[in-house]
Amino acid sequence: MPEIDTDYLVVGAGASGLPFVDTLVSLTDARVVIVDREARPGGHWLHAYPFVRLHQPSANYGVASRPLGTDRIDTDGPNAGFYERASAPEIVEHFGAALDDLVASGRVTFLGSHEYRGADADGHHVQSLETGETTTIRARRLVDATFTAADIPSRHTPPMAVDDDVRFASPNALPDHVDAPAFTILGAGKTAMDSCVWLLEQGIDPGRIRWVKPREAWLFERSFVQPLDQVAGYMQMQAHWVSASARSTDGRDFARRLGDVGVLVRVDEDVEGEVFRGAIISQYELDRLRTIENVVRGRRVHRITSTHLVLDDGEISAVPGEVHVDCTAHGVPYAPTRPTFAEDRITIGYVTLGIVPWSAATVAAVEAIHVSDDEKNRLTPAMCWTGSTADVIGMLHAGMSGLSARAADPAVGAWNETCRLNPAAGAMAKAGSDTAIGDALTTIITEIGPALENLQRLAGQPASS
C-alpha cells in the first residue's frame, strides 16, 4: 500500500480547494496533497451547462496567483458595460493551468480519480477509482474543500415524479430542445433565469415560455459588484450594506432597505422576495425576464405527465410536445456551519460574501499568518447560507464580524488589500481621488460599530472579544 507524508491533505480540486492551496503555497513552504474524484481539476465547472457564465466578474474568480481573462469590458449582450464573465471551459482551463503551476513547484501532489475514504490510527486513506488501490496519507491537517460543493443540474435528481413519455431535460441538454413548441422552466434561481434568458436570446418568443417559480428571489444588481475601475459601485454597495445592517429589524427588512437603494432587485417588484442566495443580475437580463408573462407563482410541481402538471393545489395543462427544464438544483446546499479551524481539520465554507475562491484564499492566508485556532476562527467566522431572506441576519453578523476583524489585523488586512480575488482590492488607494469611494468608506467606518451591535442583538450572539 503506497504511503505519503505531507503537511496538508486537501479533499476537492475545485473552486475551494485550488484557491486555498494556491494561497497557502504562496505564503508558506508547506507540502500539499490534493485528492479529487474527478480526473482533472475544476469541480462543478466540469459539468456546467453550456451557456452558463460566472455571476461575478472573472477578475475576482479562480486562484489569486494567475489572472482569469483580460479584465475586458463587454460591449454587448446581457453583460454590456461590465467586466467580462468567464465561460465554463475558460474556468476549467484556468484551474488546470493553476494546478500545473502548483505541481511544478515540487510541493504539491495531485491524486485525480481518487476518493477520500476516511482516517484511522495509520492516517488518511484515499482510493483510486480506476484501480481500487488505496494510498495512506499522513497529514498534519485535513482540509475539507467539499463543504460548499454544488448540487449541479446535470447530476440532480428531480424533486417531482416525471412520466416516461414527458419531454424533460436539464439545462445541459436545453440546446438540444430548441425546436420544442413550448418550454416550462422549473425553478426560481439563477439557473432558471439563465435558461430563460438563453432561450430569449435564441429568438424564442416569450409567449412560448412558462416559468414555474415557487418563490421570488432578491438578486444583486450587477453594477454594484464590479471591481477595478468600477470599484466605486462595489464600495457604495458595502456602505449601503453596513448602513442597512445598523437599522434593520430582521432579514426581510434588511433586504427591503437594500432594495430601496437598488442594490438588491427582483424580477417581479410586486412580489415579496423570500430567497437570497447571492445571485447577480444585470438590468438587461431583468428586462428580458420581465417579458415572460406566463409565470406560475407560489406553487411547487409534484408530478409531470404528458397532459398536465400536478401542483400543490391543482393542475395546469401541458402543451403537447413541450420540454420541461429542471432548474430546481439548489446550487450550494444548506448545511449547518462548522468552525473553520478545528483541531486537525480545516473546513472551507463561506467567510466572505458570496465568492467561494475568495473565501478559500482568505482561509489559507489566515492559516499561514496565525498560529492559534481560536484567533483564526475569530478572523474567519463561518457564514450560514440557508437561502432564506428570513435567516439572513446570522449570515450578516458572521460576515461583518469577520470582515471587521480581518481589516483590523495588519498582516491579513495587507494581504487582502492586494488579493485579486477581493472585489474591493485597490479601493483604499483610490479613496483620496474618488469622492464616491471616499464617501462610502466614511459611511462604513461610521456605521460598522452600530451595525455589528444591531446584528449581534438580532442574531442573539454573544459579544466578541
# chains A, B, ... in the order shown; residues from 1 in each chain; ligands from 1
call {"tool": "select_by_dssp", "arguments": {"residues": "segment 231-331 of chain A", "states": "helix (DSSP H, G or I)", "output": "PyMOL selection string"}}
result
chain A and resi 231-247+251-260+283-289
call {"tool": "residues_around", "arguments": {"residues": "Val35 of chain A", "least_positions_apart": "2", "cutoff": "10 Å", "atoms": "only C-alpha atoms", "output": "PyMOL selection string"}}
result
chain A and resi 9-13+17+32-33+37-39+41+109-116+126-128+145
call {"tool": "closest_residue", "arguments": {"among": "A:Ala414, A:Leu18, A:Ala440, A:Met1", "to": "Thr146 of chain A", "atoms": "only C-alpha atoms"}}
result
A:Leu18
call {"tool": "closest_residue", "arguments": {"among": "A:Ile369, A:Val271, A:Ile204, A:Ile346", "to": "Arg297 of chain A", "atoms": "only C-alpha atoms"}}
result
A:Val271
call {"tool": "residues_around", "arguments": {"residues": "Ala232 of chain A", "least_positions_apart": "3", "cutoff": "12 Å", "atoms": "only C-alpha atoms", "output": "ChimeraX atom specification"}}
result
/A:223-229,235-239,423-431,433-441
call {"tool": "residues_around", "arguments": {"residues": "Thr328 of chain A", "least_positions_apart": "6", "cutoff": "9 Å", "atoms": "only C-alpha atoms", "output": "ChimeraX atom specification"}}
result
/A:153,156,158-159,186-189,191-192
call {"tool": "atom_distance", "arguments": {"atom1": "atom CA of Lys376 of chain A", "atom2": "atom CA of Ser248 of chain A"}}
result
28.9 Å
call {"tool": "residues_around", "arguments": {"residues": "Gly402 of chain A", "least_positions_apart": "6", "cutoff": "9 Å", "atoms": "only C-alpha atoms", "output": "PDB file with C-alpha atoms, in the first residue's frame"}}
result
ATOM      1  CA  VAL A 351     -16.220  33.510   5.207  1.00  0.00           C
ATOM      2  CA  THR A 352     -16.573  36.295   2.613  1.00  0.00           C
ATOM      3  CA  ASN A 377     -11.729  31.309  13.905  1.00  0.00           C
ATOM      4  CA  ARG A 378     -12.218  34.857  15.166  1.00  0.00           C
ATOM      5  CA  LEU A 379     -10.937  36.078  11.801  1.00  0.00           C
ATOM      6  CA  THR A 380     -12.988  33.594   9.743  1.00  0.00           C
ATOM      7  CA  PRO A 381     -16.403  33.005  11.353  1.00  0.00           C
ATOM      8  CA  ALA A 382     -18.407  30.702   9.108  1.00  0.00           C
TER       9      ALA A 382
END
call {"tool": "atom_distance", "arguments": {"atom1": "atom CA of Leu27 of chain A", "atom2": "atom CA of Met395 of chain A"}}
result
28.7 Å
call {"tool": "atom_distance", "arguments": {"atom1": "atom CA of Ile316 of chain A", "atom2": "atom CA of Ala169 of chain A"}}
result
19.3 Å
call {"tool": "closest_atom_pairs", "arguments": {"of": "segment 390-464 of chain A", "to": "segment 252-262 of chain A", "cutoff": "10 Å", "atoms": "only C-alpha atoms", "output": "CSV"}}
result
residue,atom,partner,partner_atom,distance
A:Ala390,CA,A:Arg252,CA,5.7
A:Asp391,CA,A:Arg252,CA,8.7
A:Val392,CA,A:Arg252,CA,8.1
A:Ile393,CA,A:Phe254,CA,8.4
A:Leu396,CA,A:Phe254,CA,9.8
call {"tool": "write_last_selection", "arguments": {"atoms": "N, CA and C atoms", "output": "PDB file, in the first residue's frame"}}
result
ATOM      1  N   ALA A 390     -35.404  35.376   5.482  1.00  0.00           N
ATOM      2  CA  ALA A 390     -35.725  35.439   6.910  1.00  0.00           C
ATOM      3  C   ALA A 390     -34.534  35.079   7.782  1.00  0.00           C
ATOM      4  N   ASP A 391     -33.591  34.285   7.245  1.00  0.00           N
ATOM      5  CA  ASP A 391     -32.462  33.800   8.037  1.00  0.00           C
ATOM      6  C   ASP A 391     -31.180  34.590   7.811  1.00  0.00           C
ATOM      7  N   VAL A 392     -31.256  35.716   7.136  1.00  0.00           N
ATOM      8  CA  VAL A 392     -30.055  36.387   6.678  1.00  0.00           C
ATOM      9  C   VAL A 392     -29.277  37.075   7.802  1.00  0.00           C
ATOM     10  N   ILE A 393     -29.897  37.358   8.930  1.00  0.00           N
ATOM     11  CA  ILE A 393     -29.229  38.113   9.988  1.00  0.00           C
ATOM     12  C   ILE A 393     -27.994  37.380  10.514  1.00  0.00           C
ATOM     13  N   LEU A 396     -25.247  37.749   8.052  1.00  0.00           N
ATOM     14  CA  LEU A 396     -24.717  39.110   8.075  1.00  0.00           C
ATOM     15  C   LEU A 396     -23.788  39.323   9.264  1.00  0.00           C
TER      16      LEU A 396
END
call {"tool": "select_by_dssp", "arguments": {"residues": "segment 278-398 of chain A", "states": "strand (DSSP E)", "output": "list in words"}}
result
Gly278, Ala279, Ile280, Ile281, Asn294, Val295, Val296, Arg297, Val301, His302, Arg303, Ile304, His308, Leu309, Val310, Leu311, Gly314, Glu315, Ile316, Ser317, Val323, His324, Val325, Asp326, Phe341, Ala342, Arg345, Ile346 and Thr347 of chain A
call {"tool": "write_last_selection", "arguments": {"atoms": "C-alpha atoms", "output": "short mmCIF file (atom, residue, chain, number, x, y, z; two decimals), in the first residue's frame"}}
result
data_model
loop_
_atom_site.label_atom_id
_atom_site.label_comp_id
_atom_site.auth_asym_id
_atom_site.auth_seq_id
_atom_site.Cartn_x
_atom_site.Cartn_y
_atom_site.Cartn_z
CA GLY A 278 -26.25 35.96 -3.63
CA ALA A 279 -27.09 35.66 -7.33
CA ILE A 280 -26.19 38.59 -9.58
CA ILE A 281 -28.19 40.01 -12.50
CA ASN A 294 -46.84 33.15 -18.05
CA VAL A 295 -45.44 32.82 -14.52
CA VAL A 296 -46.81 30.26 -12.04
CA ARG A 297 -46.04 31.63 -8.58
CA VAL A 301 -44.74 20.82 -9.07
CA HIS A 302 -45.28 17.29 -7.72
CA ARG A 303 -45.77 15.36 -10.96
CA ILE A 304 -45.48 15.97 -14.69
CA HIS A 308 -50.67 18.32 -17.22
CA LEU A 309 -48.56 19.41 -14.27
CA VAL A 310 -49.76 18.46 -10.79
CA LEU A 311 -49.18 21.32 -8.33
CA GLY A 314 -54.44 21.60 -8.51
CA GLU A 315 -53.35 21.03 -12.09
CA ILE A 316 -52.35 23.09 -15.10
CA SER A 317 -52.38 21.88 -18.67
CA VAL A 323 -39.99 20.47 -22.90
CA HIS A 324 -39.79 20.81 -19.13
CA VAL A 325 -36.43 22.17 -17.96
CA ASP A 326 -35.39 21.14 -14.46
CA PHE A 341 -10.48 25.61 12.14
CA ALA A 342 -10.91 22.61 14.46
CA ARG A 345 -9.24 19.80 10.27
CA ILE A 346 -9.92 22.93 8.21
CA THR A 347 -13.37 23.37 6.67
#
call {"tool": "residues_around", "arguments": {"residues": "Leu264 of chain A", "least_positions_apart": "6", "cutoff": "6 Å", "atoms": "only C-alpha atoms", "output": "mmCIF file with C-alpha atoms, in the first residue's frame"}}
result
data_model
loop_
_atom_site.group_PDB
_atom_site.id
_atom_site.type_symbol
_atom_site.label_atom_id
_atom_site.label_comp_id
_atom_site.auth_asym_id
_atom_site.auth_seq_id
_atom_site.Cartn_x
_atom_site.Cartn_y
_atom_site.Cartn_z
ATOM 1 C CA TRP A 218 -33.587 39.027 -4.205
ATOM 2 C CA LEU A 219 -30.637 39.497 -6.569
ATOM 3 C CA PHE A 220 -27.587 41.731 -6.602
ATOM 4 C CA GLU A 221 -27.775 44.378 -9.333
ATOM 5 C CA LEU A 258 -31.151 47.348 0.012
#
call {"tool": "residues_around", "arguments": {"residues": "segment 408-411 of chain A", "least_positions_apart": "4", "cutoff": "10 Å", "atoms": "only C-alpha atoms", "output": "PDB file with C-alpha atoms, in the first residue's frame"}}
result
ATOM      1  CA  ALA A 365      -3.952  33.319   4.337  1.00  0.00           C
ATOM      2  CA  VAL A 366      -5.221  33.204   7.923  1.00  0.00           C
ATOM      3  CA  ILE A 369      -0.248  34.023   9.127  1.00  0.00           C
ATOM      4  CA  HIS A 370      -1.614  32.957  12.528  1.00  0.00           C
ATOM      5  CA  LEU A 379     -10.937  36.078  11.801  1.00  0.00           C
ATOM      6  CA  GLY A 402     -15.020  38.501  10.127  1.00  0.00           C
ATOM      7  CA  LEU A 403     -14.569  41.359   7.674  1.00  0.00           C
ATOM      8  CA  SER A 404     -14.060  43.838  10.506  1.00  0.00           C
ATOM      9  CA  TRP A 415      -2.751  40.554   2.131  1.00  0.00           C
ATOM     10  CA  ASN A 416      -6.451  41.138   1.484  1.00  0.00           C
TER      11      ASN A 416
END
call {"tool": "closest_residue", "arguments": {"among": "A:Leu142, A:Arg288, A:Arg72, A:Asp194", "to": "Leu174 of chain A", "atoms": "only C-alpha atoms"}}
result
A:Asp194
call {"tool": "closest_residue", "arguments": {"among": "A:Leu455, A:Leu286, A:Val332, A:Ile209", "to": "Thr386 of chain A", "atoms": "only C-alpha atoms"}}
result
A:Val332
